[in-house]
$ cat target-v2.cif   # mmCIF, C-alpha atoms and all ligand atoms
data_start
#
loop_
_atom_site.label_atom_id
_atom_site.label_comp_id
_atom_site.auth_asym_id
_atom_site.auth_seq_id
_atom_site.Cartn_x
_atom_site.Cartn_y
_atom_site.Cartn_z
CA MET A 1 0.00 0.00 0.00
CA THR A 2 1.44 3.37 -0.98
CA SER A 3 0.40 6.71 0.54
CA THR A 4 -3.20 6.98 -0.71
CA LYS A 5 -4.27 9.75 -3.09
CA ASP A 6 -5.93 11.52 -0.12
CA GLN A 7 -2.68 11.33 1.87
CA ILE A 8 -0.66 12.59 -1.12
CA GLU A 9 -3.03 15.55 -1.40
CA VAL A 10 -2.37 16.43 2.26
CA SER A 11 1.34 16.62 1.40
CA TYR A 12 1.24 18.37 -1.98
CA ASP A 13 -2.12 20.06 -2.49
CA VAL A 14 -1.99 22.76 0.24
CA SER A 15 -1.82 25.21 -2.70
CA ASN A 16 0.58 25.55 -5.62
CA GLU A 17 0.93 29.26 -4.76
CA PHE A 18 1.97 28.38 -1.19
CA PHE A 19 4.83 26.12 -2.35
CA ARG A 20 5.82 28.64 -5.03
CA LEU A 21 6.57 31.15 -2.24
CA TRP A 22 9.48 29.19 -0.79
CA LEU A 23 10.67 26.51 -3.25
CA ASP A 24 12.99 27.47 -6.14
CA GLU A 25 11.34 28.99 -9.20
CA ARG A 26 10.83 25.60 -10.95
CA MET A 27 9.48 24.04 -7.72
CA HIS A 28 11.79 21.11 -7.09
CA TYR A 29 10.65 19.63 -3.76
CA THR A 30 13.70 17.42 -3.16
CA CYS A 31 17.34 17.62 -2.10
CA ALA A 32 19.51 19.93 -4.24
CA VAL A 33 23.23 19.32 -4.78
CA TRP A 34 25.29 22.33 -3.70
CA ARG A 35 28.68 23.50 -4.91
CA ASP A 36 30.46 26.71 -3.85
CA GLY A 37 28.54 29.79 -4.91
CA ASP A 38 25.28 28.03 -5.79
CA THR A 39 21.83 29.51 -5.27
CA LEU A 40 18.92 27.16 -4.55
CA GLU A 41 18.03 27.45 -8.24
CA THR A 42 21.47 26.41 -9.53
CA ALA A 43 21.82 23.71 -6.84
CA GLN A 44 18.52 22.18 -7.95
CA GLU A 45 19.75 22.19 -11.55
CA ASN A 46 22.89 20.35 -10.39
CA LYS A 47 20.65 17.63 -8.93
CA SER A 48 18.77 17.23 -12.21
CA ARG A 49 22.01 17.27 -14.22
CA ILE A 50 23.43 14.40 -12.14
CA LEU A 51 20.28 12.30 -12.55
CA TYR A 52 20.06 13.04 -16.29
CA ASP A 53 23.64 11.82 -16.63
CA PHE A 54 23.01 8.77 -14.37
CA ALA A 55 20.04 7.83 -16.56
CA GLU A 56 22.25 8.32 -19.68
CA VAL A 57 19.65 10.55 -21.29
CA ASP A 58 20.34 12.26 -24.61
CA LYS A 59 18.13 13.88 -27.19
CA THR A 60 17.23 10.54 -28.82
CA LYS A 61 15.87 9.03 -25.58
CA ARG A 62 12.37 8.81 -24.09
CA VAL A 63 12.44 9.45 -20.34
CA LEU A 64 9.92 8.62 -17.62
CA ASP A 65 10.02 10.53 -14.28
CA ILE A 66 8.16 8.52 -11.63
CA GLY A 67 6.67 10.81 -8.96
CA CYS A 68 7.41 13.95 -10.98
CA GLY A 69 6.13 16.63 -8.57
CA TRP A 70 5.40 19.98 -10.20
CA GLY A 71 7.47 19.01 -13.25
CA ALA A 72 10.75 20.79 -12.41
CA ASN A 73 12.94 17.84 -13.38
CA LEU A 74 10.83 17.12 -16.48
CA GLU A 75 11.39 20.73 -17.53
CA TYR A 76 15.15 20.31 -17.07
CA VAL A 77 15.15 17.07 -19.11
CA ALA A 78 13.02 18.53 -21.91
CA LYS A 79 15.20 21.65 -22.17
CA ARG A 80 18.56 19.84 -21.99
CA GLY A 81 17.38 17.32 -24.59
CA ALA A 82 15.19 14.24 -24.77
CA LYS A 83 12.89 12.73 -27.39
CA ALA A 84 10.10 12.73 -24.78
CA ALA A 85 9.91 13.68 -21.09
CA HIS A 86 6.96 11.94 -19.45
CA GLY A 87 5.91 11.86 -15.81
CA VAL A 88 3.51 10.31 -13.33
CA THR A 89 2.26 11.97 -10.13
CA LEU A 90 -0.51 11.12 -7.70
CA SER A 91 -1.23 14.79 -6.94
CA THR A 92 -4.00 16.61 -8.82
CA ALA A 93 -2.52 20.05 -8.01
CA GLN A 94 0.90 19.03 -9.36
CA HIS A 95 -0.69 17.60 -12.51
CA GLU A 96 -2.56 20.88 -13.07
CA GLU A 97 0.65 22.91 -12.60
CA ILE A 98 2.55 20.83 -15.18
CA MET A 99 -0.30 21.08 -17.68
CA ALA A 100 -0.38 24.88 -17.14
CA ARG A 101 3.35 25.13 -17.94
CA LYS A 102 2.68 23.75 -21.47
CA LEU A 103 6.22 22.37 -21.78
CA GLN A 104 7.23 21.06 -25.19
CA GLY A 105 7.75 17.28 -25.22
CA VAL A 106 6.36 16.92 -21.69
CA LYS A 107 3.37 14.70 -20.94
CA VAL A 108 2.10 13.74 -17.50
CA TRP A 109 -0.43 11.34 -16.01
CA CYS A 110 -2.14 11.81 -12.64
CA MET A 111 -2.17 8.19 -11.50
CA ASP A 112 -0.51 5.64 -9.26
CA TYR A 113 2.78 4.54 -10.85
CA ALA A 114 1.83 0.96 -9.90
CA ASN A 115 -1.06 1.09 -12.41
CA PHE A 116 1.04 2.71 -15.14
CA ALA A 117 1.84 0.59 -18.19
CA PRO A 118 3.36 2.40 -21.21
CA LYS A 119 1.48 0.27 -23.79
CA GLU A 120 -1.89 0.88 -22.11
CA GLN A 121 -1.23 4.63 -22.31
CA GLY A 122 -0.42 4.28 -26.03
CA GLU A 123 3.31 4.75 -25.37
CA GLU A 124 6.40 2.75 -26.32
CA LEU A 125 8.76 1.51 -23.62
CA TYR A 126 11.08 4.21 -22.25
CA ASP A 127 14.87 4.41 -22.70
CA ALA A 128 15.65 5.98 -19.31
CA LEU A 129 14.09 6.42 -15.87
CA ILE A 130 14.33 9.07 -13.18
CA SER A 131 12.57 8.97 -9.79
CA ILE A 132 13.32 11.57 -7.12
CA GLU A 133 12.21 10.96 -3.53
CA MET A 134 9.02 9.18 -4.47
CA ILE A 135 9.88 5.81 -2.93
CA ASP A 136 9.49 7.46 0.49
CA HIS A 137 5.72 7.18 -0.04
CA LEU A 138 5.59 3.44 -0.65
CA CYS A 139 5.94 1.74 2.74
CA SER A 140 3.93 2.82 5.79
CA PRO A 141 5.44 2.74 9.30
CA ALA A 142 3.07 -0.16 10.15
CA GLN A 143 4.28 -2.18 7.13
CA ALA A 144 7.91 -1.55 8.06
CA GLN A 145 7.18 -2.83 11.56
CA GLN A 146 5.80 -6.01 9.99
CA GLY A 147 9.10 -6.48 8.13
CA LEU A 148 7.59 -5.73 4.68
CA ALA A 149 9.84 -2.82 3.65
CA VAL A 150 12.30 -4.71 1.42
CA GLN A 151 9.48 -6.63 -0.29
CA ILE A 152 7.61 -3.36 -1.02
CA TYR A 153 10.70 -1.58 -2.34
CA ARG A 154 11.65 -4.63 -4.43
CA ALA A 155 8.16 -4.62 -6.02
CA TYR A 156 8.75 -0.95 -6.93
CA PHE A 157 12.14 -1.68 -8.53
CA GLU A 158 10.63 -4.68 -10.37
CA LYS A 159 7.79 -2.52 -11.69
CA CYS A 160 10.25 0.22 -12.76
CA ALA A 161 12.20 -2.38 -14.76
CA THR A 162 9.07 -3.06 -16.85
CA PHE A 163 9.01 0.57 -18.05
CA VAL A 164 12.35 0.30 -19.89
CA LYS A 165 14.45 -2.10 -21.97
CA PRO A 166 17.47 -4.32 -21.28
CA GLY A 167 20.54 -2.34 -20.22
CA ASP A 168 18.70 0.97 -19.71
CA CYS A 169 19.68 3.24 -16.81
CA PHE A 170 17.82 4.78 -13.89
CA GLY A 171 18.71 8.00 -12.03
CA PHE A 172 17.27 7.33 -8.57
CA GLN A 173 17.12 9.52 -5.45
CA ALA A 174 15.58 8.88 -2.00
CA ILE A 175 15.46 10.39 1.47
CA LEU A 176 16.96 8.02 4.03
CA ARG A 177 16.22 7.22 7.66
CA ASN A 178 19.54 6.72 9.45
CA ARG A 179 18.94 6.73 13.19
CA MET A 180 16.44 7.85 15.81
CA PRO A 181 16.95 10.87 18.07
CA ARG A 182 17.38 10.25 21.80
CA ASN A 183 15.03 12.78 23.37
CA ARG A 184 11.24 12.99 23.45
CA LYS A 185 10.87 16.47 21.85
CA ASP A 186 12.94 15.44 18.79
CA LEU A 187 11.01 12.18 18.48
CA GLU A 188 7.71 14.07 18.67
CA ASP A 189 8.86 16.51 15.98
CA LEU A 190 9.86 13.65 13.66
CA ARG A 191 6.56 11.89 14.30
CA PHE A 192 4.68 15.14 13.60
CA THR A 193 6.49 15.48 10.26
CA ALA A 194 5.58 11.91 9.28
CA ASP A 195 1.97 12.01 10.52
CA VAL A 196 0.89 15.54 9.65
CA ILE A 197 3.02 16.60 6.66
CA PHE A 198 3.71 13.24 4.92
CA PRO A 199 1.02 10.82 6.16
CA GLY A 200 1.38 7.21 5.04
CA GLY A 201 5.07 7.47 4.16
CA LEU A 202 8.36 6.41 5.71
CA ASN A 203 11.92 7.10 4.62
CA PRO A 204 13.74 3.86 3.71
CA ARG A 205 17.05 2.74 5.17
CA LEU A 206 19.98 2.65 2.74
CA GLU A 207 20.54 -1.06 3.37
CA GLU A 208 16.89 -1.79 2.47
CA LEU A 209 17.32 -0.05 -0.89
CA VAL A 210 20.64 -1.76 -1.61
CA THR A 211 18.94 -5.12 -0.96
CA ALA A 212 15.74 -4.29 -2.86
CA VAL A 213 17.31 -3.20 -6.17
CA SER A 214 18.42 -6.80 -6.59
CA PRO A 215 17.84 -8.81 -8.76
CA ARG A 216 16.65 -6.30 -11.41
CA TRP A 217 19.17 -3.45 -11.10
CA GLU A 218 22.92 -3.10 -10.69
CA ILE A 219 24.15 -0.19 -8.55
CA VAL A 220 26.73 1.50 -10.77
CA GLU A 221 27.29 4.59 -8.59
CA LEU A 222 26.02 5.78 -5.21
CA HIS A 223 26.39 9.11 -3.39
CA THR A 224 24.88 10.18 -0.06
CA ARG A 225 23.78 13.82 0.21
CA ARG A 226 23.01 14.42 3.91
CA GLU A 227 24.64 17.84 4.19
CA HIS A 228 23.11 18.92 0.88
CA TYR A 229 19.61 18.21 2.19
CA GLY A 230 20.37 20.13 5.41
CA LYS A 231 21.32 23.11 3.28
CA THR A 232 18.28 22.72 1.00
CA THR A 233 15.75 22.53 3.87
CA ALA A 234 17.46 25.48 5.64
CA GLU A 235 17.03 27.55 2.49
CA TRP A 236 13.35 26.52 2.14
CA LEU A 237 12.79 27.54 5.78
CA ARG A 238 14.58 30.87 5.28
CA ARG A 239 12.48 31.66 2.20
CA MET A 240 9.23 30.59 3.88
CA LYS A 241 9.92 32.85 6.87
CA LEU A 242 10.34 35.83 4.53
CA HIS A 243 6.66 35.31 3.63
CA GLU A 244 5.37 34.66 7.16
CA LYS A 245 2.90 37.55 7.18
CA ASP A 246 1.41 36.62 3.77
CA ILE A 247 1.24 32.92 4.59
CA ARG A 248 -0.50 33.53 7.93
CA ALA A 249 -2.98 35.91 6.24
CA THR A 250 -3.73 33.68 3.23
CA TYR A 251 -3.41 30.12 4.51
CA GLY A 252 -3.84 30.60 8.28
CA ASP A 253 -1.57 30.32 11.33
CA GLN A 254 -1.79 26.53 11.42
CA VAL A 255 -0.23 26.13 7.95
CA PHE A 256 2.64 28.48 8.77
CA ASP A 257 3.26 26.91 12.19
CA ASP A 258 3.11 23.34 10.83
CA TYR A 259 5.53 24.06 7.97
CA ASP A 260 7.84 26.00 10.30
CA ARG A 261 7.94 23.01 12.68
CA TYR A 262 8.42 20.48 9.85
CA LEU A 263 11.22 22.39 8.05
CA SER A 264 13.00 23.22 11.32
CA THR A 265 12.86 19.50 12.20
CA CYS A 266 14.34 18.59 8.80
CA VAL A 267 17.26 20.98 9.28
CA ARG A 268 18.01 19.33 12.65
CA ALA A 269 17.44 15.82 11.25
CA PHE A 270 20.09 16.17 8.54
CA ASP A 271 22.53 17.92 10.87
CA ALA A 272 22.19 15.23 13.56
CA HIS A 273 22.38 12.26 11.10
CA TRP A 274 18.79 11.11 11.82
CA SER A 275 18.14 11.48 8.08
CA SER A 276 20.14 11.54 4.88
CA ASP A 277 19.60 11.33 1.12
CA VAL A 278 20.98 9.08 -1.59
CA GLN A 279 21.45 9.31 -5.37
CA MET A 280 22.12 6.10 -7.28
CA LYS A 281 22.90 5.26 -10.88
CA LEU A 282 21.16 1.94 -11.59
CA LYS A 283 21.47 -0.22 -14.70
CA ARG A 284 18.89 -2.85 -15.61
CA ILE A 285 20.24 -6.41 -15.34
CA ASP A 286 19.10 -8.92 -17.98
C1 LIG B 301 8.67 14.60 -2.53
S1 LIG B 301 7.70 14.67 -3.99
C2 LIG B 301 9.01 14.78 -5.18
C3 LIG B 301 8.57 15.42 -6.44
C4 LIG B 301 9.63 15.55 -7.53
N1 LIG B 301 10.23 14.29 -7.86
C5 LIG B 301 10.68 16.58 -7.19
O1 LIG B 301 11.89 16.26 -7.29
O2 LIG B 301 10.32 17.71 -6.86
C6 LIG B 301 7.09 12.98 -4.22
C7 LIG B 301 6.29 12.79 -5.48
O3 LIG B 301 5.91 11.41 -5.59
C8 LIG B 301 4.58 11.35 -6.07
N2 LIG B 301 4.02 10.04 -5.69
C9 LIG B 301 3.94 9.48 -4.47
N3 LIG B 301 3.38 8.27 -4.53
C10 LIG B 301 3.09 8.05 -5.84
C11 LIG B 301 2.52 6.97 -6.57
N4 LIG B 301 2.10 5.87 -5.95
N5 LIG B 301 2.39 7.09 -7.91
C12 LIG B 301 2.80 8.21 -8.56
N6 LIG B 301 3.37 9.27 -7.93
C13 LIG B 301 3.51 9.19 -6.59
C14 LIG B 301 3.89 12.53 -5.42
O4 LIG B 301 2.69 12.85 -6.07
C15 LIG B 301 4.99 13.59 -5.59
O5 LIG B 301 4.90 14.13 -6.87
#
$ encode --input "target-v2.cif" --output "structure tokens"
Amino acid sequence: MTSTKDQIEVSYDVSNEFFRLWLDERMHYTCAVWRDGDTLETAQENKSRILYDFAEVDKTKRVLDIGCGWGANLEYVAKRGAKAAHGVTLSTAQHEEIMARKLQGVKVWCMDYANFAPKEQGEELYDALISIEMIDHLCSPAQAQQGLAVQIYRAYFEKCATFVKPGDCFGFQAILRNRMPRNRKDLEDLRFTADVIFPGGLNPRLEELVTAVSPRWEIVELHTRREHYGKTTAEWLRRMKLHEKDIRATYGDQVFDDYDRYLSTCVRAFDAHWSSDVQMKLKRID
């Protein structure tokens, strides 16, 4: 069971205008990769560049982005060069935003990736895959407690393999759960983030992902990005606070206070090694 559509809409359908206030201009909602002198905008582009290269995309290739958010990465792929840049999201608001952008070569479906089959949508198989921090929605805390996490992640990697052809590559990124904090306030803040902001989801452990890619994918390259996510969430928080008055007036005190608590918790989580992030280059094994 993934996060349900209702749960996804809690996470992503507050309002596109709300997220536009504090994400970068293209609205990436995932860890950026920072080098000296980067802005959030250029750091987000670095992330997309790495995944484009991991997936071995070029202008002759058809790319599928699984869990494509507001289309920021699809926009990068379409502009840098691809024969087609297609995406799947479970959020109605994100789907509407991508449609409104009218990006050339970009097509998106609002549906569960698990029900997506290229042929049924009138599409050929893809040549490359990208999926950025979508797997964090696939296993609930209750399922992880029952020991089902690896099985659920393996089913995802198996399904992803059906979207492409032998030898194709996959630029994959996920938030990671590393260790639990020791005091009650920190535990409550993490639980709040999971229950209120991202209901139904759970960040995987790195070892679960490394186990679950097998037998369909070879890990060709792997980088953890803990400090990069700390910097990204700190910048989101800084930008959101600049709009505190507007957000309180338009969306209410609860929305501002909840997002302030969630983003502040993220900054601490990456700093204290409770959470991290991983990018992997995967190659289909046949
Ligand atoms: C954290 S957001 C990341 C969005 C985007 N990849 C980015 O980099 O900004 C997670 C995305 O996964 C999508 N998602 C979650 N579960 C899904 C599912 N079962 N099928 C399709 N999309 C899903 C959400 O709708 C959302 O777009």
$ closest_residue --input "target-v2.cif" --among "A:Ser275, A:Gln7, A:Gln104, A:Ser131" --to "ligand LIG 301 (chain B)" --atoms "only C-alpha atoms and all ligand atoms"
A:Ser131
$ residues_near_ligand --input "target-v2.cif" --ligand "ligand LIG 301 (chain B)" --cutoff "8 Å" --atoms "all atoms listed in the file" --output "VMD selection string"
chain A and resid 2 to 5 8 to 9 12 27 to 31 65 to 73 88 to 91 94 110 to 114 131 to 138
$ closest_atom_pairs --input "target-v2.cif" --of "segment 170-279 of chain A" --to "segment 119-129 of chain A" --cutoff "9 Å" --atoms "only C-alpha atoms" --output "CSV"
residue,atom,partner,partner_atom,distance
A:Phe170,CA,A:Leu129,CA,4.5
A:Gly171,CA,A:Leu129,CA,6.2
A:Phe172,CA,A:Leu129,CA,8.0
$ closest_residue --input "target-v2.cif" --among "A:Lys107, A:Lys61, A:Arg268, A:Lys245" --to "Leu187 of chain A" --atoms "only C-alpha atoms"
A:Arg268
$ atom_distance --input "target-v2.cif" --atom1 "atom CA of Glu56 of chain A" --atom2 "atom CA of Lys281 of chain A"
9.3 Å
$ atom_distance --input "target-v2.cif" --atom1 "atom CA of Leu64 of chain A" --atom2 "atom CA of Pro204 of chain A"
22.2 Å
$ closest_residue --input "target-v2.cif" --among "A:Glu221, A:Asp257, A:Glu45, A:Asp246" --to "Leu74 of chain A" --atoms "all atoms listed in the file"
A:Glu45
$ residues_around --input "target-v2.cif" --residues "Arg238 of chain A" --least-positions-apart "5" --cutoff "10 Å" --atoms "only C-alpha atoms" --output "PyMOL selection string"
chain A and resi 22+232-233+243+260+263-264
